[in-house]
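Student: query_10.csv is reproduced in full below (CSV, C-alpha atoms).
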chain,number,residue,atom,x,y,z
A,121,MET,CA,84.8,9.6,159.7
A,122,ASP,CA,88.2,10.9,160.8
A,123,PHE,CA,88.2,14.7,161.3
A,124,SER,CA,92.0,14.9,161.8
A,125,LEU,CA,93.8,16.8,159.1
A,126,GLY,CA,96.7,15.1,157.2
A,127,GLU,CA,100.2,16.4,157.1
A,128,ARG,CA,99.8,18.2,153.8
A,129,THR,CA,96.7,20.0,155.0
A,130,GLU,CA,98.3,21.0,158.3
A,131,ALA,CA,101.3,22.3,156.3
A,132,PHE,CA,98.9,24.3,154.1
A,133,ARG,CA,97.3,25.8,157.2
A,134,VAL,CA,100.8,26.9,158.4
A,135,GLU,CA,101.4,28.5,155.0
A,136,VAL,CA,98.1,30.4,155.0
A,137,ARG,CA,98.8,31.7,158.6
A,138,ALA,CA,102.3,32.9,157.5
A,139,PHE,CA,100.7,34.7,154.6
A,140,LEU,CA,98.2,36.4,156.9
A,141,ASP,CA,100.9,37.4,159.3
A,142,GLU,CA,102.7,39.2,156.5
A,143,HIS,CA,99.9,40.6,154.4
A,144,LEU,CA,96.8,41.2,156.7
A,145,THR,CA,97.7,44.6,158.1
A,146,ALA,CA,95.7,46.9,160.4
A,147,ASP,CA,95.3,49.2,157.4
A,148,VAL,CA,93.6,46.5,155.3
A,149,ILE,CA,91.2,45.7,158.1
A,150,GLU,CA,90.4,49.4,158.8
A,151,ARG,CA,89.9,50.1,155.1
A,152,MET,CA,87.4,47.2,154.9
A,153,HIS,CA,85.3,48.4,157.7
A,154,ALA,CA,85.5,52.1,156.8
A,155,SER,CA,84.3,51.4,153.2
A,156,GLY,CA,81.8,48.6,153.9
A,157,THR,CA,83.5,46.7,151.0
A,158,PHE,CA,84.8,43.4,152.4
A,159,ASN,CA,87.1,42.9,149.4
A,160,ASP,CA,90.7,44.0,148.7
A,161,LYS,CA,92.1,43.3,145.3
A,162,ASP,CA,95.7,43.9,146.4
A,163,PHE,CA,95.3,41.4,149.1
A,164,ASN,CA,93.6,39.0,146.6
A,165,GLY,CA,96.4,39.5,144.2
A,166,ALA,CA,99.0,38.7,146.9
A,167,LEU,CA,97.1,35.5,147.6
A,168,ALA,CA,97.4,34.6,143.9
A,169,GLU,CA,101.1,35.4,143.7
A,170,ALA,CA,101.7,33.2,146.8
A,171,GLY,CA,100.0,30.3,144.9
A,172,LEU,CA,97.1,30.1,147.3
A,173,LEU,CA,94.2,31.3,145.1
A,174,ALA,CA,94.0,28.6,142.5
A,175,GLY,CA,93.5,26.1,145.3
A,176,ALA,CA,90.5,28.1,146.4
A,177,VAL,CA,88.5,27.0,143.4
A,178,PRO,CA,86.4,23.9,144.2
A,179,GLY,CA,87.6,21.0,142.1
A,180,TYR,CA,90.4,22.9,140.4
A,181,GLY,CA,94.1,22.2,140.5
A,182,ASP,CA,95.8,19.8,143.0
A,183,ARG,CA,94.1,21.0,146.2
A,184,ASP,CA,91.1,19.3,147.6
A,185,PRO,CA,88.0,20.9,149.3
A,186,ILE,CA,89.5,20.2,152.8
A,187,GLU,CA,92.3,22.7,151.9
A,188,LEU,CA,89.7,25.0,150.5
A,189,TYR,CA,88.0,24.9,153.8
A,190,VAL,CA,91.2,25.6,155.7
A,191,LEU,CA,91.9,28.7,153.5
A,192,PHE,CA,88.6,30.3,154.2
A,193,ASN,CA,88.6,29.2,157.8
A,194,GLU,CA,91.8,31.0,158.4
A,195,LEU,CA,90.7,34.1,156.5
A,196,GLU,CA,87.5,34.2,158.5
A,197,LYS,CA,89.1,33.7,161.9
A,198,ALA,CA,91.7,36.4,161.1
A,199,GLY,CA,89.0,38.9,160.1
A,200,ALA,CA,90.4,39.3,156.6
A,201,PRO,CA,88.3,40.9,153.8
A,202,TYR,CA,87.3,37.6,152.3
A,203,ASP,CA,83.7,38.1,151.3
A,204,GLY,CA,84.4,39.3,147.7
A,205,LEU,CA,87.0,36.6,147.3
A,206,ALA,CA,84.6,33.9,148.5
A,207,VAL,CA,81.9,34.9,146.1
A,208,THR,CA,84.5,35.1,143.3
A,209,MET,CA,85.9,31.7,144.0
A,210,LEU,CA,82.4,30.2,144.3
A,211,VAL,CA,81.6,31.4,140.8
A,212,ALA,CA,85.0,30.1,139.7
A,213,GLY,CA,84.0,26.7,141.0
A,214,VAL,CA,80.7,26.8,139.2
A,215,ILE,CA,82.5,27.7,136.0
A,216,HIS,CA,85.0,24.9,136.5
A,217,ALA,CA,82.1,22.4,137.1
A,218,MET,CA,79.7,23.5,134.4
A,219,GLY,CA,81.4,26.1,132.1
A,220,THR,CA,82.6,25.9,128.6
A,221,ASP,CA,86.1,26.4,127.2
A,222,PHE,CA,85.0,30.0,126.5
A,223,HIS,CA,84.1,30.5,130.2
A,224,HIS,CA,87.4,29.0,131.3
A,225,THR,CA,89.4,31.3,129.0
A,226,GLU,CA,87.5,34.5,129.3
A,227,VAL,CA,86.6,34.3,133.0
A,228,LEU,CA,88.2,31.6,135.1
A,229,GLU,CA,91.8,32.2,134.1
A,230,ARG,CA,91.3,35.9,135.0
A,231,LEU,CA,89.7,35.2,138.3
A,232,LEU,CA,92.7,33.2,139.4
A,233,THR,CA,94.9,36.4,139.2
A,234,GLY,CA,93.0,38.0,142.1
A,235,GLU,CA,92.5,41.1,140.0
A,236,PHE,CA,88.9,40.4,139.0
A,237,ASN,CA,85.7,39.8,140.9
A,238,CYS,CA,82.2,38.3,140.5
A,239,CYS,CA,78.9,38.9,142.3
A,240,LEU,CA,75.7,36.8,142.7
A,241,GLY,CA,72.5,37.9,140.9
A,242,TYR,CA,69.9,35.6,142.4
A,243,SER,CA,67.4,37.4,144.8
A,244,GLU,CA,64.9,39.9,143.7
A,245,PRO,CA,63.0,42.6,145.7
A,246,ASP,CA,59.6,40.9,145.5
A,247,HIS,CA,60.6,37.3,146.0
A,248,GLY,CA,63.2,37.2,148.9
A,249,SER,CA,64.4,33.6,149.5
A,250,ASP,CA,62.0,32.2,146.9
A,251,VAL,CA,64.6,32.3,144.2
A,252,ALA,CA,62.7,30.1,141.9
A,253,ALA,CA,59.9,32.7,141.6
A,254,ILE,CA,62.2,35.3,140.0
A,255,THR,CA,60.9,37.4,137.2
A,256,THR,CA,64.1,38.9,135.6
A,257,LYS,CA,63.7,37.7,132.1
A,258,ALA,CA,66.0,36.7,129.2
A,259,VAL,CA,64.5,36.6,125.8
A,260,ARG,CA,66.3,35.0,122.9
A,261,ASP,CA,67.1,37.3,119.9
A,262,GLY,CA,69.1,35.4,117.3
A,263,ASP,CA,72.5,34.6,118.8
A,264,GLU,CA,71.9,37.0,121.7
A,265,TRP,CA,69.7,37.3,124.8
A,266,VAL,CA,68.0,40.5,125.9
A,267,ILE,CA,67.8,40.7,129.7
A,268,ASP,CA,65.4,42.9,131.7
A,269,GLY,CA,64.8,43.0,135.4
A,270,GLN,CA,66.3,43.7,138.8
A,271,LYS,CA,68.2,42.0,141.6
A,272,MET,CA,68.6,42.7,145.2
A,273,TRP,CA,71.5,41.9,147.6
A,274,THR,CA,74.0,41.8,144.8
A,275,THR,CA,77.0,42.3,147.2
A,276,MET,CA,80.2,43.4,145.5
A,277,ALA,CA,78.4,44.4,142.3
A,278,HIS,CA,80.2,47.8,142.5
A,279,GLU,CA,83.5,46.0,142.3
A,280,ALA,CA,82.5,43.0,140.1
A,281,ASP,CA,83.6,42.3,136.6
A,282,TRP,CA,80.9,39.7,136.0
A,283,VAL,CA,77.6,38.7,137.6
A,284,ILE,CA,76.3,35.1,137.6
A,285,LEU,CA,72.7,36.0,136.8
A,286,LEU,CA,69.6,33.8,137.2
A,287,THR,CA,66.9,34.6,134.7
A,288,ARG,CA,63.5,33.3,133.6
A,289,THR,CA,63.6,32.1,130.0
A,290,ASN,CA,60.3,30.1,130.0
A,291,PRO,CA,57.2,31.3,131.9
A,292,ASP,CA,55.0,28.4,130.7
A,293,VAL,CA,56.6,25.6,132.8
A,294,PRO,CA,56.9,25.1,136.6
A,295,LYS,CA,59.0,27.8,138.1
A,296,HIS,CA,62.0,25.7,138.8
A,297,LYS,CA,62.2,24.5,135.2
A,298,GLY,CA,62.1,27.7,133.3
A,299,LEU,CA,65.3,29.3,134.6
A,300,THR,CA,68.6,29.9,132.8
A,301,MET,CA,71.9,31.1,134.3
A,302,PHE,CA,74.2,33.6,132.6
A,303,LEU,CA,77.6,35.1,133.2
A,304,VAL,CA,77.1,38.7,132.4
A,305,PRO,CA,79.9,41.3,132.1
A,306,MET,CA,79.1,44.1,134.4
A,307,GLY,CA,80.4,46.7,131.9
A,308,LEU,CA,77.6,46.1,129.4
A,309,PRO,CA,75.2,49.0,128.5
A,310,GLY,CA,71.9,48.8,130.5
A,311,ILE,CA,73.3,47.7,133.8
A,312,GLU,CA,72.9,50.1,136.8
A,313,VAL,CA,74.3,49.5,140.3
A,314,GLN,CA,72.8,51.3,143.4
A,315,PRO,CA,74.3,51.1,146.8
A,316,VAL,CA,72.3,49.6,149.8
A,317,PRO,CA,73.9,50.2,153.2
A,318,THR,CA,73.2,47.6,155.9
A,319,MET,CA,73.1,47.6,159.7
A,320,ALA,CA,76.2,45.5,159.6
A,321,SER,CA,78.2,48.3,158.0
A,322,GLU,CA,78.7,46.2,154.9
A,323,ARG,CA,77.7,47.6,151.6
A,324,THR,CA,75.4,45.6,149.3
A,325,ASN,CA,73.6,46.7,146.1
A,326,ALA,CA,70.5,46.7,144.1
A,327,THR,CA,71.2,46.1,140.4
A,328,PHE,CA,69.0,46.9,137.4
A,329,TYR,CA,69.1,45.4,133.9
A,330,SER,CA,67.4,47.2,131.1
A,331,GLY,CA,67.7,45.8,127.6
A,332,VAL,CA,71.1,44.2,128.4
A,333,ARG,CA,72.2,42.2,125.3
A,334,VAL,CA,74.5,39.3,125.9
A,335,GLY,CA,75.7,36.6,123.5
A,336,ASP,CA,74.7,33.0,123.9
A,337,GLU,CA,78.3,32.1,124.7
A,338,TRP,CA,77.8,33.7,128.1
A,339,ARG,CA,75.1,31.2,129.0
A,340,LEU,CA,76.1,28.9,131.8
A,341,GLY,CA,74.5,25.5,131.6
A,342,GLU,CA,71.5,24.5,129.5
A,343,VAL,CA,68.6,26.7,128.5
A,344,ASP,CA,66.0,26.3,131.2
A,345,GLY,CA,68.6,24.4,133.2
A,346,GLY,CA,69.5,27.2,135.5
A,347,TRP,CA,68.2,25.4,138.6
A,348,ALA,CA,70.9,22.7,138.3
A,349,VAL,CA,73.6,25.4,138.1
A,350,MET,CA,72.1,27.1,141.1
A,351,GLY,CA,72.3,23.8,143.0
A,352,VAL,CA,76.0,23.6,142.4
A,353,ALA,CA,76.5,27.2,143.5
A,354,LEU,CA,74.6,26.8,146.7
A,355,ALA,CA,76.4,23.6,147.6
A,356,PHE,CA,79.7,25.5,147.4
A,357,GLU,CA,78.4,28.6,149.2
A,358,ARG,CA,76.9,26.9,152.3
A,359,GLY,CA,79.6,25.6,154.7
A,360,VAL,CA,82.8,25.1,152.7
A,361,MET,CA,83.6,28.7,151.7
A,362,GLY,CA,83.5,30.6,155.0
A,363,GLY,CA,80.5,31.8,157.0
A,364,THR,CA,80.6,29.1,159.6
A,365,ASN,CA,83.2,30.4,162.1
A,366,PRO,CA,82.1,34.1,162.6
A,367,ALA,CA,82.2,33.7,166.4
A,368,VAL,CA,85.9,32.9,166.4
A,369,PRO,CA,87.1,36.6,166.0
A,370,LEU,CA,84.4,37.6,168.5
A,371,LEU,CA,85.7,35.2,171.1
A,372,ASN,CA,89.2,36.5,170.7
A,373,HIS,CA,88.1,40.2,171.0
A,374,VAL,CA,85.9,39.5,174.1
A,375,ARG,CA,88.7,37.5,175.8
A,376,ASN,CA,91.2,40.3,175.3
A,377,TRP,CA,88.6,42.9,176.5
A,378,ALA,CA,87.6,40.9,179.5
A,379,ALA,CA,91.2,40.6,180.6
A,380,GLU,CA,91.4,44.4,181.0
A,381,ALA,CA,87.8,45.6,181.7
A,382,PRO,CA,87.1,46.1,185.4
A,383,SER,CA,84.3,44.0,186.9
A,384,PRO,CA,81.6,45.6,189.1
A,385,ASP,CA,82.4,42.9,191.7
A,386,GLY,CA,86.1,43.7,191.7
A,387,GLY,CA,89.0,42.3,189.6
A,388,THR,CA,88.4,42.1,185.8
A,389,MET,CA,85.5,40.8,183.8
A,390,LEU,CA,87.6,37.7,183.0
A,391,ASP,CA,87.2,36.8,186.7
A,392,ASP,CA,83.4,36.8,186.4
A,393,PRO,CA,82.2,33.1,186.5
A,394,LEU,CA,79.3,33.7,184.2
A,395,LEU,CA,81.4,35.4,181.5
A,396,ARG,CA,83.9,32.5,181.8
A,397,GLU,CA,81.1,30.0,181.3
A,398,ARG,CA,79.9,31.9,178.2
A,399,LEU,CA,83.4,32.1,176.8
A,400,ALA,CA,83.7,28.3,177.2
A,401,ARG,CA,80.2,27.6,175.7
A,402,THR,CA,81.1,29.8,172.7
A,403,ALA,CA,84.4,28.0,172.2
A,404,MET,CA,82.6,24.7,172.3
A,405,ALA,CA,80.0,25.9,169.7
A,406,ASN,CA,82.9,27.1,167.5
A,407,GLN,CA,84.4,23.6,167.6
A,408,VAL,CA,81.1,22.0,166.7
A,409,SER,CA,80.7,24.5,163.8
A,410,GLN,CA,84.2,23.5,162.6
A,411,LEU,CA,83.4,19.8,162.7
A,412,LEU,CA,80.1,20.3,160.8
A,413,THR,CA,82.0,22.3,158.2
A,414,LEU,CA,84.7,19.7,157.9
A,415,ARG,CA,81.9,17.1,157.3
A,416,ALA,CA,80.7,19.2,154.3
A,417,ALA,CA,84.2,19.7,153.0
A,418,TRP,CA,84.8,15.9,153.3
A,419,ILE,CA,81.7,15.2,151.2
A,420,ALA,CA,83.0,17.6,148.6
A,421,ALA,CA,86.4,16.1,148.7
A,422,THR,CA,84.9,12.6,148.0
A,423,GLY,CA,83.0,13.9,144.9
A,424,GLY,CA,79.7,14.9,146.5
A,425,LEU,CA,77.8,18.2,146.7
A,426,PRO,CA,77.2,19.0,150.4
A,427,GLY,CA,74.1,21.1,150.0
A,428,LEU,CA,72.3,19.5,153.0
A,429,GLU,CA,75.4,19.3,155.1
A,430,GLY,CA,76.3,22.9,154.3
A,431,SER,CA,72.8,24.0,155.4
A,432,MET,CA,73.3,22.2,158.7
A,433,ALA,CA,76.7,23.8,159.3
A,434,LYS,CA,75.5,27.3,158.4
A,435,LEU,CA,72.3,26.9,160.5
A,436,TYR,CA,74.1,25.9,163.6
A,437,ALA,CA,77.1,28.3,163.3
A,438,THR,CA,75.1,31.4,162.6
A,439,GLU,CA,72.5,30.8,165.4
A,440,ARG,CA,75.2,30.1,167.9
A,441,TYR,CA,77.0,33.3,166.8
A,442,GLN,CA,73.9,35.3,167.5
A,443,GLN,CA,73.5,33.7,170.9
A,444,ALA,CA,77.1,34.5,171.8
A,445,VAL,CA,76.9,38.1,170.7
A,446,GLY,CA,73.8,38.6,172.8
A,447,TRP,CA,75.5,37.2,175.8
A,448,PHE,CA,78.6,39.4,175.5
A,449,GLN,CA,76.7,42.5,174.6
A,450,GLN,CA,74.5,42.0,177.7
A,451,MET,CA,77.5,41.6,179.9
A,452,ALA,CA,79.4,44.6,178.4
A,453,GLY,CA,76.4,46.8,179.2
A,454,ALA,CA,76.1,50.2,177.5
A,455,GLU,CA,79.7,50.1,176.3
A,456,GLY,CA,78.8,47.0,174.2
A,457,LEU,CA,76.5,49.3,172.1
A,458,LEU,CA,79.3,51.7,171.2
A,459,SER,CA,80.9,51.4,167.7
A,460,PHE,CA,84.5,51.7,166.4
A,461,GLY,CA,86.2,55.0,167.2
A,462,VAL,CA,83.9,55.8,170.2
A,463,ASP,CA,85.7,56.3,173.5
A,464,GLY,CA,84.9,53.6,176.0
A,465,ALA,CA,83.5,51.1,173.4
A,466,ALA,CA,83.8,47.6,174.7
A,467,ALA,CA,86.5,45.6,172.8
A,468,ASP,CA,87.2,48.7,170.8
A,469,GLY,CA,83.8,48.5,169.2
A,470,TRP,CA,84.0,44.8,168.1
A,471,ILE,CA,81.2,43.7,170.3
A,472,ASP,CA,78.9,46.3,168.7
A,473,TYR,CA,80.0,45.3,165.3
A,474,ASP,CA,79.3,41.7,165.9
A,475,GLY,CA,75.9,42.6,167.3
A,476,ARG,CA,75.0,44.3,164.0
A,477,HIS,CA,76.7,41.7,161.9
A,478,SER,CA,75.2,38.6,163.4
A,479,PRO,CA,71.6,39.0,162.0
A,480,VAL,CA,73.0,39.4,158.5
A,481,VAL,CA,74.8,36.1,158.5
A,482,THR,CA,71.5,34.3,159.0
A,483,ILE,CA,70.2,35.8,155.7
A,484,TYR,CA,72.9,35.5,153.1
A,485,GLY,CA,73.8,32.1,151.6
A,486,GLY,CA,70.2,31.0,152.3
A,487,THR,CA,68.1,32.3,155.2
A,488,THR,CA,67.7,30.3,158.4
A,489,GLU,CA,64.1,29.4,157.4
A,490,ILE,CA,65.3,28.1,154.0
A,491,ASN,CA,68.0,26.0,155.6
A,492,ARG,CA,65.6,24.6,158.1
A,493,ASN,CA,63.3,23.6,155.3
A,494,ASN,CA,66.2,22.0,153.5
A,495,VAL,CA,67.1,19.9,156.6
A,496,ALA,CA,63.5,19.0,157.4
A,497,GLU,CA,62.7,17.8,153.9
A,498,ARG,CA,66.0,16.2,152.8
A,499,HIS,CA,67.2,14.8,156.1
A,500,LEU,CA,64.2,14.3,158.3
A,501,GLY,CA,61.8,13.4,155.4
A,502,LEU,CA,59.1,15.8,156.5
A,503,PRO,CA,56.6,17.1,153.9
A,504,ARG,CA,57.3,20.3,151.9
A,505,ALA,CA,56.2,23.4,153.8
A,506,ARG,CA,55.5,25.4,150.7
For this file, produce the structure as structure tokens.
Tutor:
Amino acid sequence: MDFSLGERTEAFRVEVRAFLDEHLTADVIERMHASGTFNDKDFNGALAEAGLLAGAVPGYGDRDPIELYVLFNELEKAGAPYDGLAVTMLVAGVIHAMGTDFHHTEVLERLLTGEFNCCLGYSEPDHGSDVAAITTKAVRDGDEWVIDGQKMWTTMAHEADWVILLTRTNPDVPKHKGLTMFLVPMGLPGIEVQPVPTMASERTNATFYSGVRVGDEWRLGEVDGGWAVMGVALAFERGVMGGTNPAVPLLNHVRNWAAEAPSPDGGTMLDDPLLRERLARTAMANQVSQLLTLRAAWIAATGGLPGLEGSMAKLYATERYQQAVGWFQQMAGAEGLLSFGVDGAAADGWIDYDGRHSPVVTIYGGTTEINRNNVAERHLGLPRAR
């Protein structure tokens, strides 16, 4: 396959970069890290006004998934607050693929304004990555469903207007077959959001659902067909919509730091041959990550769902990111353990930030273990490990 981008896509990249030059200010980035909320509704709204947001919905409008990849690739490399936007556009893509006219009118059209957000309600405290084992239940009551249970790692729930919520509707069938997905308005009675701070400085949440009543029109997909909806969501989440170039901002920060930081052997750290080798290896890993992600985007652009390819891209990119952080933190010494705002912090604290952030990226969007199982079973044909 040809990984070169066409003239239209390259022009789109230039457009996105021009937008970032104008709208991604130091205040936006500082506010993101100070709050732990990697979302900015003013920034998202500006994306919508610039005509860039509708193209971020998989399968929607006249943009293809290659341009979708370009948008999130540029946001990620620039260090923009794109996490909330990525989740929201992921849900928008699921609605576009599997939603009803009601979902399109009530939710999708609003998401495209940049003024509204969604969050993901999959994982639960007792089940971790075994999403099919969830126990949050939805019981039919006439034209409504009554939902009871709890979810963990519902990032952006404190800013979200809707949660895409996986529930158990049939306990008497194999666990993958008794699930149903809903879009649930977060303002309904019976929903509670509790903050959960993380080592990466990002805020996530635990959410609780007690007797939450939601109309059947909010159901997304068939009754007991939630696993199929989940498959579409995961195919969008892994690879195409960010999360596969986290080491690009790190590389830039380390390069700038190394050009100024004195070396114990004289000169600057950039003169150190070992650091230069590691910078080069990180740059090569970033390029491989980009090509793997482009492969997933190409599959989506030709009508497929790149679940396997997205797993491969995420697996490689996040593990190489962890490796690079370890290298640079080691070479920065004690200063590489100092955070933002601390005098003497290497790369103004960015190396420490990436050191705390890199473990997190191997968890969200499917853990490393889950992605390895996916590759082993679907690509290598190995027997199921569970």
Student: Skip range 311-314 of chain A itself and residues of its chain fewer than 3 positions away, then list as a list of chain:residue names all residues within 9 Å of it, counting only C-alpha atoms.
Tutor: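 Non-adjacent residues within range: A:Thr274, A:Ala277, A:His278, A:Met306, A:Gly307, A:Leu308, A:Thr324, A:Asn325, A:Ala326, A:Thr327, A:Phe328, A:Tyr329, A:Ser330, A:Gly331, A:Val332.
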Student: Can you tell me, as a PyMOL selection string, what residues are no more than 12 Å from range 388-401 of chain A when counting all atoms listed in the file, ignoring any on the same chain fewer than 6 positions away?
Tutor: chain A and resi 367-368+370-382+407-408+440-441+443-453+466
Student: As an exercise, work out the distance from CA of Gly204 in chain A to CA of Arg128 in chain A in Å and give it to one decimal place.
Tutor: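 For CA of Gly204 in chain A relative to CA of Arg128 in chain A, the distance reads 26.8 Å.
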Student: Around the point (87.6, 21.8, 155.8) in the file's coordinates, collect all residues with an atom within 6 Å, using only C-alpha atoms, and return them as a PDB file with C-alpha atoms, in the frame of the given file.
Tutor:
ATOM      1  CA  ILE A 186      89.500  20.200 152.800  1.00  0.00           C
ATOM      2  CA  TYR A 189      88.000  24.900 153.800  1.00  0.00           C
ATOM      3  CA  VAL A 190      91.200  25.600 155.700  1.00  0.00           C
ATOM      4  CA  LEU A 414      84.700  19.700 157.900  1.00  0.00           C
ATOM      5  CA  ALA A 417      84.200  19.700 153.000  1.00  0.00           C
TER       6      ALA A 417
END
Student: Report as a PDB file with C-alpha atoms, keeping the file's coordinate frame all protein, DNA and RNA residues lying within 6 Å of Ala212 in chain A, evaluated on only C-alpha atoms, omitting residues in the same chain fewer than 2 positions from it.
Tutor:
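Listing of around-v5.pdb after writing:
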ATOM      1  CA  VAL A 177      88.500  27.000 143.400  1.00  0.00           C
ATOM      2  CA  MET A 209      85.900  31.700 144.000  1.00  0.00           C
ATOM      3  CA  LEU A 210      82.400  30.200 144.300  1.00  0.00           C
ATOM      4  CA  VAL A 214      80.700  26.800 139.200  1.00  0.00           C
ATOM      5  CA  ILE A 215      82.500  27.700 136.000  1.00  0.00           C
ATOM      6  CA  LEU A 228      88.200  31.600 135.100  1.00  0.00           C
TER       7      LEU A 228
END
Student: Given only C-alpha atoms as the basis, pick out the residue of A:Val136, A:Val495, A:Met276, A:Leu354 nearest to Arg323 in chain A.
Tutor: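 That would be A:Met276, the residue with the smallest distance to Arg323 in chain A.
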Student: Taking into account only C-alpha atoms, which residue in the set A:Glu169, A:Asp472, A:Val207, A:Ala200 is nearest to Val148 in chain A?
Tutor: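 Checking each candidate against Val148 in chain A, we get A:Ala200 as the closest.
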Student: If I take CA of Phe236 in chain A and CA of Val283 in chain A, how far is one from the other in Å, to one decimal?
Tutor: 11.5 Å
Student: Residues near range 237-239 of chain A, anyone? I mean within 10 Å using all atoms listed in the file, not counting same-chain ones fewer than 2 positions away, as a ChimeraX atom specification.
Tutor: /A:159,161,164,204-212,227,230-235,241-242,273-285,303-306
Student: Which polymer residues have any atom within 12 Å of an atom of range 429-434 of chain A, counting all atoms listed in the file, with same-chain residues fewer than 4 positions away left out, as a PyMOL selection string?
Tutor: chain A and resi 189+352-366+405-420+424-425+438-441+481-499
Student: Grab the CA of Gly461 in chain A to CA of Pro317 in chain A distance for me, in Å with one decimal place.
Tutor: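 About the pair CA of Gly461 in chain A and CA of Pro317 in chain A: they are 19.2 Å apart.
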Student: What would range 371-387 of chain A look like with N, CA and C atoms in place, written as a compact mmCIF listing (two decimals), in the coordinates of the input?
Tutor:
# COMPACT_ATOMS: atom_id res chain seq x y z
N LEU A 371 85.16 35.78 169.84
CA LEU A 371 85.70 35.20 171.10
C LEU A 371 87.04 35.76 171.43
N ASN A 372 87.88 35.95 170.46
CA ASN A 372 89.20 36.50 170.70
C ASN A 372 89.09 37.96 171.23
N HIS A 373 88.22 38.76 170.60
CA HIS A 373 88.10 40.20 171.00
C HIS A 373 87.50 40.25 172.42
N VAL A 374 86.52 39.41 172.73
CA VAL A 374 85.90 39.50 174.10
C VAL A 374 86.91 38.99 175.12
N ARG A 375 87.66 37.95 174.82
CA ARG A 375 88.70 37.50 175.80
C ARG A 375 89.68 38.54 176.09
N ASN A 376 90.16 39.25 175.06
CA ASN A 376 91.20 40.30 175.30
C ASN A 376 90.55 41.47 176.07
N TRP A 377 89.31 41.82 175.74
CA TRP A 377 88.60 42.90 176.50
C TRP A 377 88.40 42.54 177.93
N ALA A 378 87.93 41.31 178.16
CA ALA A 378 87.60 40.90 179.50
C ALA A 378 88.82 40.84 180.42
N ALA A 379 89.98 40.62 179.85
CA ALA A 379 91.20 40.60 180.60
C ALA A 379 91.59 41.93 181.19
N GLU A 380 91.06 43.01 180.58
CA GLU A 380 91.40 44.40 181.00
C GLU A 380 90.24 45.11 181.64
N ALA A 381 89.01 44.80 181.24
CA ALA A 381 87.80 45.60 181.70
C ALA A 381 87.56 45.27 183.17
N PRO A 382 87.35 46.32 183.97
CA PRO A 382 87.10 46.10 185.40
C PRO A 382 85.66 45.51 185.59
N SER A 383 85.55 44.64 186.57
CA SER A 383 84.30 44.00 186.90
C SER A 383 83.60 44.81 188.04
N PRO A 384 82.27 44.96 188.04
CA PRO A 384 81.60 45.60 189.10
C PRO A 384 81.84 44.94 190.49
N ASP A 385 82.20 43.65 190.46
CA ASP A 385 82.40 42.90 191.70
C ASP A 385 83.90 42.89 192.11
N GLY A 386 84.71 43.68 191.38
CA GLY A 386 86.10 43.70 191.70
C GLY A 386 86.90 42.79 190.70
N GLY A 387 88.17 43.07 190.52
CA GLY A 387 89.00 42.30 189.60
C GLY A 387 88.59 42.71 188.14
